[in-house]
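*Asks:* One structure coming up, written as structure tokens, with questions to follow.
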Protein chains: 2
Amino acid sequence: MENTLIEKQLKAAADLNRIKLLACMKNGEVCVCDFVDVLGISQPAVSQHLRKLKEAGIITERKVGTWKHYRLVENQTPLMKGILEQIELIQECDCSSDCECTHIGEEN
Amino acid sequence: MENTLIEKQLKAAADLNRIKLLACMKNGEVCVCDFVDVLGISQPAVSQHLRKLKEAGIITERKVGTWKHYRLVENQTPLMKGILEQIELIQECDCSSDCECTHIGEEN
DNA sequence: ATAAAATATAAGCAAACAATTATATAAGAG
DNA sequence: CTCTTATATAATTGTTTGCTTATATTTTAT
């Protein structure tokens with residue numbers, strides 16, 4: 001894990017909205033539409049946050065029909081393991097999951 | 001440790017120059033003048049970085065004559081403990097410490 | 001008291017960031 | 001094929017950040 005990756009992951013995590021996104025994903029996949037409700041910002045804004053987390057290697061995605069589910073990658077760096085641990089302790093996940101996509105196609 | 005503190009500390013750590021500052025302090029106090037040499041930026045820029053780290057509760061200071069020595073606080077948050085651990089593994093500390101202030105007045 | 005040295009603060013500016021609205025893409029339904 | 005739905009990308013804008021230069025503050029030396 002080099003310098004630039006440390007900086008990239010720290011920058012990706014250093015935003016309250018993205019902290020909430022990460023907290024939402026601690027228990028598994030979350031659909032983009034749910035994130036919009038949770039954060040109260042526009043859908044494109046959520047997409048841009050997710051892209052930043054993805055580019056830092058923190059999350060990954062899975063397409064389910066027209067929906068897209070995001071989740072934490074399996075092998076987190078030691079840095080992110082530590083950060084995620086602390087985020088989980090604080091930020092309550094209030095993902096409503098009222099999207100009808102929930103749990104569709106999870107066996108793929 | 002609340003949300004805002006997590007965000008504040010992450011933001012404070014999410015900068016390559018400040019990562020280097022933290023790495024420099026891993027072995028103890030460092031004088032501001034040494035940081036200027038290490039980072040290759042102006043003295044006011046270093047001062048501003050140090051202030052940001054201080055306001056996030058990550059470092060503290062001690063005045064020694066006209067010099068000022070900065071060091072990591074003793075009781076780091078769990079979040080910062082994890083981050084500092086990873087920073088130490090990567091970022092080589094090349095603090096020259098050619099400042100004549102070194103080790104003056106350390107018994108205070 | 002004056003001058004010099006180390007650091008901090010202020011002001012200004014360019015680059016990066018996070019939001020928005022508008023538009024494009026991709027998949028499913030009819 | 002067309003319409004709708006979910007998401008992504010593009011363009012724009014206001015805010016924040018990190019640097020610079022200039023100035024202020026504080027301490028020591030003369």
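Ordering of the structure tokens sets the chain letters (A, B, ...), residue numbers begin anew at 1 in every chain, and ligands are numbered from 1 in the order given.
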Give me, as a PyMOL selection string, the residues of chain D touching chain B, with the criterion being at most 10 Å (counting only C-alpha atoms (C1' of nucleotides)).
*Replies:* chain D and resi 18-21+26-28
*Asks:* May I have all residues of stretch 11-53 of chain B that DSSP, computed from the backbone, assigns to helix (DSSP H, G or I), given as a PyMOL selection string?
*Replies:* chain B and resi 11-13+16-27+32-39+43-53
*Asks:* Should the cut-off be 10 Å, what would the residue list for chain B against chain A look like, counting only C-alpha atoms, as JSON, numbers by chain?
*Replies:* {"B": [1, 2, 3, 4, 6, 7, 8, 9, 10, 11, 12, 13, 14, 15, 16, 17, 18, 19, 20, 77, 78, 79, 80, 81, 82, 83, 84, 85, 86, 87, 89, 90, 91]}
*Asks:* Can you write just those residues out, C-alpha atoms, as a tab-separated table (two decimals), in the first residue's frame?
*Replies:*
```tsv
chain	number	residue	atom	x	y	z
B	1	MET	CA	-16.25	9.97	19.06
B	2	GLU	CA	-18.94	11.55	17.01
B	3	ASN	CA	-19.55	11.93	13.33
B	4	THR	CA	-18.10	15.36	12.99
B	6	ILE	CA	-14.46	11.40	12.41
B	7	GLU	CA	-14.92	13.63	9.42
B	8	LYS	CA	-12.63	16.31	10.81
B	9	GLN	CA	-9.82	13.88	11.53
B	10	LEU	CA	-10.20	12.13	8.19
B	11	LYS	CA	-10.10	15.46	6.38
B	12	ALA	CA	-7.05	16.51	8.39
B	13	ALA	CA	-5.23	13.31	7.47
B	14	ALA	CA	-6.31	13.25	3.83
B	15	ASP	CA	-3.49	15.31	2.39
B	16	LEU	CA	-0.10	14.10	1.27
B	17	ASN	CA	1.81	16.92	2.93
B	18	ARG	CA	0.04	16.37	6.22
B	19	ILE	CA	0.65	12.63	5.95
B	20	LYS	CA	4.35	13.46	5.71
B	77	THR	CA	-8.71	8.26	18.95
B	78	PRO	CA	-9.03	4.66	17.73
B	79	LEU	CA	-9.54	6.05	14.24
B	80	MET	CA	-6.28	7.98	14.32
B	81	LYS	CA	-4.41	5.09	15.93
B	82	GLY	CA	-5.27	2.98	12.92
B	83	ILE	CA	-4.43	5.65	10.41
B	84	LEU	CA	-1.13	6.53	12.08
B	85	GLU	CA	-0.16	2.89	12.15
B	86	GLN	CA	-0.58	2.64	8.39
B	87	ILE	CA	1.12	5.94	7.71
B	89	LEU	CA	4.46	1.70	7.63
B	90	ILE	CA	4.69	3.59	4.37
B	91	GLN	CA	5.89	7.12	4.69
```
*Asks:* As a PDB file with N, CA and C atoms (P, O5', C5', C4', C3', O3' and C1' of nucleotides), in the first residue's frame, please: the residues near stretch 21-26 of chain C (cut-off 8 Å, only C-alpha atoms (C1' of nucleotides), same-chain neighbours under 2 positions excluded).
*Replies:*
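File around-v1.pdb, as written:
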```
ATOM      1  N   THR A  66     -32.201  -3.048 -14.102  1.00  0.00           N
ATOM      2  CA  THR A  66     -31.866  -1.626 -14.254  1.00  0.00           C
ATOM      3  C   THR A  66     -31.238  -1.067 -12.984  1.00  0.00           C
TER       4      THR A  66
ATOM      5  P    DA D   8     -24.583   4.336 -11.188  1.00  0.00           P
ATOM      6  O5'  DA D   8     -24.280   5.126 -12.541  1.00  0.00           O
ATOM      7  C5'  DA D   8     -24.135   4.383 -13.733  1.00  0.00           C
ATOM      8  C4'  DA D   8     -23.687   5.299 -14.867  1.00  0.00           C
ATOM      9  C3'  DA D   8     -22.488   6.183 -14.551  1.00  0.00           C
ATOM     10  O3'  DA D   8     -21.604   6.108 -15.658  1.00  0.00           O
ATOM     11  C1'  DA D   8     -24.316   7.528 -15.262  1.00  0.00           C
ATOM     12  P    DT D   9     -20.183   6.844 -15.634  1.00  0.00           P
ATOM     13  O5'  DT D   9     -20.467   8.187 -16.431  1.00  0.00           O
ATOM     14  C5'  DT D   9     -20.856   8.097 -17.790  1.00  0.00           C
ATOM     15  C4'  DT D   9     -21.163   9.470 -18.319  1.00  0.00           C
ATOM     16  C3'  DT D   9     -20.050  10.502 -18.122  1.00  0.00           C
ATOM     17  O3'  DT D   9     -19.797  11.054 -19.405  1.00  0.00           O
ATOM     18  C1'  DT D   9     -22.121  11.383 -17.451  1.00  0.00           C
ATOM     19  P    DA D  10     -18.625  12.141 -19.619  1.00  0.00           P
ATOM     20  O5'  DA D  10     -19.439  13.509 -19.711  1.00  0.00           O
ATOM     21  C5'  DA D  10     -20.544  13.597 -20.599  1.00  0.00           C
ATOM     22  C4'  DA D  10     -21.067  15.013 -20.634  1.00  0.00           C
ATOM     23  C3'  DA D  10     -20.011  16.097 -20.468  1.00  0.00           C
ATOM     24  O3'  DA D  10     -20.319  17.147 -21.371  1.00  0.00           O
ATOM     25  C1'  DA D  10     -21.651  16.328 -18.781  1.00  0.00           C
TER      26       DA D  10
END
```
*Asks:* So which residues touch C:DA10 within 10 Å, counting only C-alpha atoms (C1' of nucleotides), skipping near sequence neighbours fewer than 4 positions away, as a list in words?
*Replies:*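 The residues that qualify are DA22, DT23 and DA24 of chain D.
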*Asks:* Take the residues that were just selected and, keeping N, CA and C atoms (P, O5', C5', C4', C3', O3' and C1' of nucleotides), output them as a PDB file, in the first residue's frame.
*Replies:*
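Listing of again_28.pdb after writing:
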```
ATOM      1  P    DA D  22       5.594  40.309  -1.522  1.00  0.00           P
ATOM      2  O5'  DA D  22       4.688  40.746  -0.282  1.00  0.00           O
ATOM      3  C5'  DA D  22       3.330  41.129  -0.513  1.00  0.00           C
ATOM      4  C4'  DA D  22       2.673  41.514   0.809  1.00  0.00           C
ATOM      5  C3'  DA D  22       3.548  42.378   1.723  1.00  0.00           C
ATOM      6  O3'  DA D  22       2.747  43.409   2.291  1.00  0.00           O
ATOM      7  C1'  DA D  22       2.860  40.444   2.866  1.00  0.00           C
ATOM      8  P    DT D  23       3.393  44.472   3.293  1.00  0.00           P
ATOM      9  O5'  DT D  23       2.928  43.959   4.725  1.00  0.00           O
ATOM     10  C5'  DT D  23       1.521  43.844   4.991  1.00  0.00           C
ATOM     11  C4'  DT D  23       1.315  43.215   6.344  1.00  0.00           C
ATOM     12  C3'  DT D  23       1.995  43.921   7.509  1.00  0.00           C
ATOM     13  O3'  DT D  23       1.002  44.195   8.484  1.00  0.00           O
ATOM     14  C1'  DT D  23       2.399  41.620   7.601  1.00  0.00           C
ATOM     15  P    DA D  24       1.383  44.982   9.833  1.00  0.00           P
ATOM     16  O5'  DA D  24       1.239  43.865  10.958  1.00  0.00           O
ATOM     17  C5'  DA D  24       0.003  43.163  11.059  1.00  0.00           C
ATOM     18  C4'  DA D  24       0.139  42.083  12.123  1.00  0.00           C
ATOM     19  C3'  DA D  24       0.699  42.588  13.454  1.00  0.00           C
ATOM     20  O3'  DA D  24      -0.094  42.036  14.491  1.00  0.00           O
ATOM     21  C1'  DA D  24       2.004  40.790  12.653  1.00  0.00           C
TER      22       DA D  24
END
```
*Asks:* Between atom CA of B:Leu5 and atom CA of A:Asn27, what is the spacing in Å?
*Replies:*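 Here the two named atoms are 23.2 Å from each other.
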*Asks:* Please, which residues of chain C lie no more than 9 Å from chain A when the count uses only C-alpha atoms (C1' of nucleotides), and can they be set out as a list in words?
*Replies:*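 So the residues of chain C near chain A are DA18, DA19, DT20, DA26, DA27 and DG28 of chain C.
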*Asks:* Please, what distance in Å, to one decimal, runs between atom CA of A:Val30 and atom CA of A:His69?
*Replies:*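 Spanning atom CA of A:Val30 to atom CA of A:His69 is a straight-line distance of 5.3 Å.
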*Asks:* For A:Leu72, find every residue with an atom within 7 Å (counting only C-alpha atoms (C1' of nucleotides)), except residues of its own chain fewer than 2 positions away, and show them as a ChimeraX atom specification.
*Replies:* /A:25,58-60,74
*Asks:* Next, the residues of the selection above should be written as a short mmCIF file (atom, residue, chain, number, x, y, z; two decimals), in the first residue's frame with C-alpha atoms.
*Replies:*
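After the write, out06.cif holds the following:
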```cif
data_model
loop_
_atom_site.label_atom_id
_atom_site.label_comp_id
_atom_site.auth_asym_id
_atom_site.auth_seq_id
_atom_site.Cartn_x
_atom_site.Cartn_y
_atom_site.Cartn_z
CA MET A 25 -23.12 -0.79 3.22
CA ILE A 58 -13.35 0.66 -1.34
CA ILE A 59 -16.60 -0.50 -2.90
CA THR A 60 -17.70 -2.56 -5.87
CA GLU A 74 -14.08 -8.11 0.44
#
```
*Asks:* Mind pulling up the distance from atom C1' of C:DA11 to atom C1' of D:DT15?
*Replies:*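 Atom C1' of C:DA11 lies 17.5 Å from atom C1' of D:DT15.
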*Asks:* Rank D:DT2, D:DT17, D:DT30, D:DT12 by their smallest atom-to-atom distance to C:DT2, using only C-alpha atoms (C1' of nucleotides), and report the top residue only.
*Replies:*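 With only C-alpha atoms (C1' of nucleotides) as the atom set, the closest residue is D:DT30.
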*Asks:* Could you go through stretch 49-93 of chain A and tell me which residues DSSP, when run on the backbone, assigns to strand (DSSP E or B), listing them as a PyMOL selection string?
*Replies:* chain A and resi 59-64+67-72
